[in-house]
Amino acid sequence: MERRWFGDPIARSLGLNNAPSVVARSLRNSQVVATRISCGLEQIGKTPQVPAEDTFIVAMYLTKLEKHQLFSRNRPYLTQGYDANSMRVVNLLGEFSALIAQPHESLNFHIPRFALEEIAETGRGRWRSDLICVPGTIDAVMVNLAAALLPAFQRPKEANPLFVDSLILAVCSHLISTYGGGQSLPPRKGGLTSAQAARAKEMLVENIDGDLLLADIARECGLSRQHFSRSFKATTGVAPHRWLQQHRVKLAAKLLATTRRSIAEISLECGFADQSHFTRVFTSLLGQSPALWRRQNADFNEAHSGAIYL
């Protein structure tokens, strides 16, 4: 069977068939490939879905990206922006596609699970079957290793194989030891890190109808479900379900005061099962029915909305 290279599933999905790549060939059972991706105006739009394979893609953004949308099996999976030098990790078993919104550059590592298992067997890191990294993390070690590797892409065929191998294996060892233990960043004082809290809130907002398991959010943050629930409440003062209710009502209050949409339309848009449910929750939090709120807040000031809940 023909070996699948990194440029096959990812770069080719972007139409970048000749993206420069370097390969670490010293492992017995697999090869790790690093590719420099340059997305221009031609790549803007949605990419084809990448076939599933048990391989981790570690993407480090070399330029700032205001917004990037990732889909798993054609369902929204992750939407956020990335600062330069920030990173994201996914496993291609998720069958991903992306919506490219603007030109950008990234350095991507194509790391089969077999490669990480082989490296872990040498004692160069702990390995618990997954890499858990909060999207948007800026890791100083990864930044420096990437900077050392970037010159090799100018003439990849002339790059010193030992130099490339040592850098790429150093990347893998660092990923295993830092993100391979089931948690990316330790919680502080029983709460979530700022990155974990931001990601958890983002996932809750993106699934405003509540059609998302807490286990999925916890996994994204590198925590167990129970640990995540406790840490979320320690950070925000409320449980995830309550926080989402508060967000829904905050959004509904803004729409009631600034649009002419019906209360029924707003209740559905804000993720409530029906208008009756919306009215009960809204009244319990604000002490007024949605209709009364609308009448009394025609000149709604968004600057004061934050004082309502959060």
# chains A, B, ... in the order shown; residues from 1 in each chain; ligands from 1

$ residues_around --residues "stretch 282-291 of chain A" --least-positions-apart "2" --cutoff "9 Å" --atoms "only C-alpha atoms" --output "MDAnalysis selection string"
chainID A and resid 245:246 248:250 252:253 256 263 277:280 293:296 308:309

$ closest_atom_pairs --of "stretch 48-130 of chain A" --to "stretch 213-234 of chain A" --cutoff "12 Å" --atoms "only C-alpha atoms" --output "JSON lines"
{"residue": "A:Tyr77", "atom": "CA", "partner": "A:Asp216", "partner_atom": "CA", "distance": 10.8}
{"residue": "A:Leu78", "atom": "CA", "partner": "A:Glu220", "partner_atom": "CA", "distance": 10.3}
{"residue": "A:Arg88", "atom": "CA", "partner": "A:Glu220", "partner_atom": "CA", "distance": 11.2}
{"residue": "A:Val89", "atom": "CA", "partner": "A:Glu220", "partner_atom": "CA", "distance": 10.4}
{"residue": "A:Val90", "atom": "CA", "partner": "A:Glu220", "partner_atom": "CA", "distance": 10.3}
{"residue": "A:Arg128", "atom": "CA", "partner": "A:Gly222", "partner_atom": "CA", "distance": 11.9}
{"residue": "A:Asp130", "atom": "CA", "partner": "A:Gly222", "partner_atom": "CA", "distance": 9.8}

$ write_last_selection --atoms "N, CA and C atoms" --output "compact mmCIF listing (two decimals), in the first residue's frame"
# COMPACT_ATOMS: atom_id res chain seq x y z
N TYR A 77 -16.88 22.11 14.93
CA TYR A 77 -16.06 21.51 15.99
C TYR A 77 -15.32 22.57 16.80
N LEU A 78 -14.70 23.53 16.13
CA LEU A 78 -13.90 24.53 16.82
C LEU A 78 -13.84 25.79 15.98
N ARG A 88 -2.43 24.32 17.97
CA ARG A 88 -3.64 23.52 18.10
C ARG A 88 -3.30 22.07 17.76
N VAL A 89 -3.94 21.14 18.48
CA VAL A 89 -3.69 19.72 18.25
C VAL A 89 -5.02 19.02 17.98
N VAL A 90 -5.09 18.24 16.91
CA VAL A 90 -6.26 17.41 16.64
C VAL A 90 -5.79 16.04 16.17
N ARG A 128 -0.21 8.60 27.48
CA ARG A 128 -1.49 8.02 27.90
C ARG A 128 -2.50 8.07 26.76
N ASP A 130 -3.21 9.98 24.29
CA ASP A 130 -3.80 11.18 23.69
C ASP A 130 -2.89 12.37 23.89

$ select_by_dssp --residues "stretch 45-259 of chain A" --states "helix (DSSP H, G or I)" --output "MDAnalysis selection string"
chainID A and resid 92:94 113:121 140:153 156:158 161:179 194:206 214:220 225:236 240:258

$ write_last_selection --atoms "C-alpha atoms" --output "mmCIF file, in the first residue's frame"
data_model
loop_
_atom_site.group_PDB
_atom_site.id
_atom_site.type_symbol
_atom_site.label_atom_id
_atom_site.label_comp_id
_atom_site.auth_asym_id
_atom_site.auth_seq_id
_atom_site.Cartn_x
_atom_site.Cartn_y
_atom_site.Cartn_z
ATOM 1 C CA LEU A 92 -7.335 13.015 12.072
ATOM 2 C CA LEU A 93 -9.733 10.311 13.237
ATOM 3 C CA GLY A 94 -12.145 13.234 13.557
ATOM 4 C CA ARG A 113 0.205 7.458 17.041
ATOM 5 C CA PHE A 114 2.771 4.718 16.396
ATOM 6 C CA ALA A 115 5.515 7.369 16.420
ATOM 7 C CA LEU A 116 4.502 8.689 19.825
ATOM 8 C CA GLU A 117 4.236 5.175 21.251
ATOM 9 C CA GLU A 118 7.713 4.316 19.970
ATOM 10 C CA ILE A 119 9.210 7.503 21.384
ATOM 11 C CA ALA A 120 7.502 6.942 24.753
ATOM 12 C CA GLU A 121 8.970 3.419 24.916
ATOM 13 C CA ALA A 140 7.824 28.675 24.429
ATOM 14 C CA VAL A 141 9.597 25.349 23.859
ATOM 15 C CA MET A 142 7.590 24.650 20.705
ATOM 16 C CA VAL A 143 8.172 28.188 19.479
ATOM 17 C CA ASN A 144 11.953 27.807 19.804
ATOM 18 C CA LEU A 145 12.040 24.336 18.249
ATOM 19 C CA ALA A 146 9.942 25.563 15.324
ATOM 20 C CA ALA A 147 12.231 28.567 14.830
ATOM 21 C CA ALA A 148 15.235 26.238 14.646
ATOM 22 C CA LEU A 149 13.471 24.026 12.098
ATOM 23 C CA LEU A 150 12.106 26.731 9.781
ATOM 24 C CA PRO A 151 15.382 27.316 7.820
ATOM 25 C CA ALA A 152 15.249 23.669 6.685
ATOM 26 C CA PHE A 153 12.168 24.458 4.574
ATOM 27 C CA PRO A 156 14.256 20.752 2.247
ATOM 28 C CA LYS A 157 16.160 18.329 0.009
ATOM 29 C CA GLU A 158 19.443 19.771 1.277
ATOM 30 C CA PRO A 161 18.899 14.569 8.063
ATOM 31 C CA LEU A 162 20.420 14.275 11.549
ATOM 32 C CA PHE A 163 19.536 17.895 12.308
ATOM 33 C CA VAL A 164 15.952 17.422 11.107
ATOM 34 C CA ASP A 165 15.566 14.151 13.019
ATOM 35 C CA SER A 166 16.842 15.622 16.269
ATOM 36 C CA LEU A 167 14.526 18.634 16.107
ATOM 37 C CA ILE A 168 11.403 16.707 15.130
ATOM 38 C CA LEU A 169 12.009 14.027 17.770
ATOM 39 C CA ALA A 170 12.550 16.804 20.316
ATOM 40 C CA VAL A 171 9.160 18.215 19.302
ATOM 41 C CA CYS A 172 7.512 14.814 19.791
ATOM 42 C CA SER A 173 9.192 14.214 23.147
ATOM 43 C CA HIS A 174 8.082 17.628 24.382
ATOM 44 C CA LEU A 175 4.509 17.034 23.226
ATOM 45 C CA ILE A 176 4.385 13.682 25.025
ATOM 46 C CA SER A 177 5.820 14.974 28.294
ATOM 47 C CA THR A 178 3.761 18.195 28.312
ATOM 48 C CA TYR A 179 0.448 17.205 26.717
ATOM 49 C CA SER A 194 -7.626 31.215 31.759
ATOM 50 C CA ALA A 195 -7.214 29.266 28.525
ATOM 51 C CA GLN A 196 -9.372 26.389 29.775
ATOM 52 C CA ALA A 197 -12.084 28.762 31.011
ATOM 53 C CA ALA A 198 -12.126 30.646 27.704
ATOM 54 C CA ARG A 199 -12.365 27.420 25.708
ATOM 55 C CA ALA A 200 -15.110 25.991 27.919
ATOM 56 C CA LYS A 201 -17.201 29.157 27.625
ATOM 57 C CA GLU A 202 -16.622 29.250 23.881
ATOM 58 C CA MET A 203 -17.885 25.684 23.491
ATOM 59 C CA LEU A 204 -20.936 26.411 25.633
ATOM 60 C CA VAL A 205 -21.772 29.510 23.569
ATOM 61 C CA GLU A 206 -21.253 27.679 20.266
ATOM 62 C CA LEU A 214 -20.039 18.137 29.588
ATOM 63 C CA ALA A 215 -17.685 15.231 28.978
ATOM 64 C CA ASP A 216 -16.823 16.707 25.577
ATOM 65 C CA ILE A 217 -15.938 20.092 27.091
ATOM 66 C CA ALA A 218 -13.993 18.427 29.890
ATOM 67 C CA ARG A 219 -12.029 16.381 27.357
ATOM 68 C CA GLU A 220 -11.188 19.525 25.401
ATOM 69 C CA ARG A 225 -16.028 15.395 33.766
ATOM 70 C CA GLN A 226 -16.199 15.640 37.557
ATOM 71 C CA HIS A 227 -12.978 17.639 37.832
ATOM 72 C CA PHE A 228 -14.109 19.988 35.084
ATOM 73 C CA SER A 229 -17.478 20.669 36.738
ATOM 74 C CA ARG A 230 -15.831 21.467 40.075
ATOM 75 C CA SER A 231 -13.158 23.635 38.478
ATOM 76 C CA PHE A 232 -15.645 25.513 36.295
ATOM 77 C CA LYS A 233 -17.756 26.410 39.330
ATOM 78 C CA ALA A 234 -14.657 27.420 41.285
ATOM 79 C CA THR A 235 -13.705 29.755 38.431
ATOM 80 C CA THR A 236 -17.080 31.273 37.520
ATOM 81 C CA PRO A 240 -21.740 25.087 33.546
ATOM 82 C CA HIS A 241 -25.490 24.632 33.026
ATOM 83 C CA ARG A 242 -26.252 27.729 35.092
ATOM 84 C CA TRP A 243 -23.593 29.761 33.290
ATOM 85 C CA LEU A 244 -25.127 28.832 29.948
ATOM 86 C CA GLN A 245 -28.596 29.828 31.197
ATOM 87 C CA GLN A 246 -27.210 33.188 32.240
ATOM 88 C CA HIS A 247 -25.576 33.667 28.860
ATOM 89 C CA ARG A 248 -28.819 32.799 27.070
ATOM 90 C CA VAL A 249 -30.788 35.295 29.109
ATOM 91 C CA LYS A 250 -28.159 37.996 28.617
ATOM 92 C CA LEU A 251 -28.319 37.489 24.861
ATOM 93 C CA ALA A 252 -32.120 37.412 24.931
ATOM 94 C CA ALA A 253 -32.261 40.659 26.916
ATOM 95 C CA LYS A 254 -30.149 42.373 24.287
ATOM 96 C CA LEU A 255 -32.303 41.077 21.445
ATOM 97 C CA LEU A 256 -35.508 42.071 23.223
ATOM 98 C CA ALA A 257 -34.290 45.633 23.637
ATOM 99 C CA THR A 258 -32.612 46.138 20.269
#

$ residues_around --residues "A:His104" --least-positions-apart "6" --cutoff "10 Å" --atoms "only C-alpha atoms" --output "PyMOL selection string"
chain A and resi 37-41+43+61-66+84

$ write_last_selection --atoms "C-alpha atoms" --output "PDB file, in the first residue's frame"
ATOM      1  CA  ILE A  37       1.745  25.628   4.939  1.00  0.00           C
ATOM      2  CA  SER A  38       1.189  28.968   3.222  1.00  0.00           C
ATOM      3  CA  CYS A  39      -2.492  29.689   2.621  1.00  0.00           C
ATOM      4  CA  GLY A  40      -3.125  32.498   0.136  1.00  0.00           C
ATOM      5  CA  LEU A  41      -6.236  33.931  -1.424  1.00  0.00           C
ATOM      6  CA  GLN A  43      -7.182  28.693  -0.349  1.00  0.00           C
ATOM      7  CA  TYR A  61       0.479  29.389  13.465  1.00  0.00           C
ATOM      8  CA  LEU A  62       3.364  31.493  12.209  1.00  0.00           C
ATOM      9  CA  THR A  63       1.108  34.469  11.517  1.00  0.00           C
ATOM     10  CA  LYS A  64      -1.918  35.780  13.370  1.00  0.00           C
ATOM     11  CA  LEU A  65      -5.237  34.330  12.246  1.00  0.00           C
ATOM     12  CA  GLU A  66      -8.308  36.298  13.273  1.00  0.00           C
ATOM     13  CA  ALA A  84       1.203  34.108  16.042  1.00  0.00           C
TER      14      ALA A  84
END

$ residues_around --residues "A:Gln69" --least-positions-apart "2" --cutoff "8 Å" --atoms "only C-alpha atoms" --output "PyMOL selection string"
chain A and resi 67+71+76-80+98-100
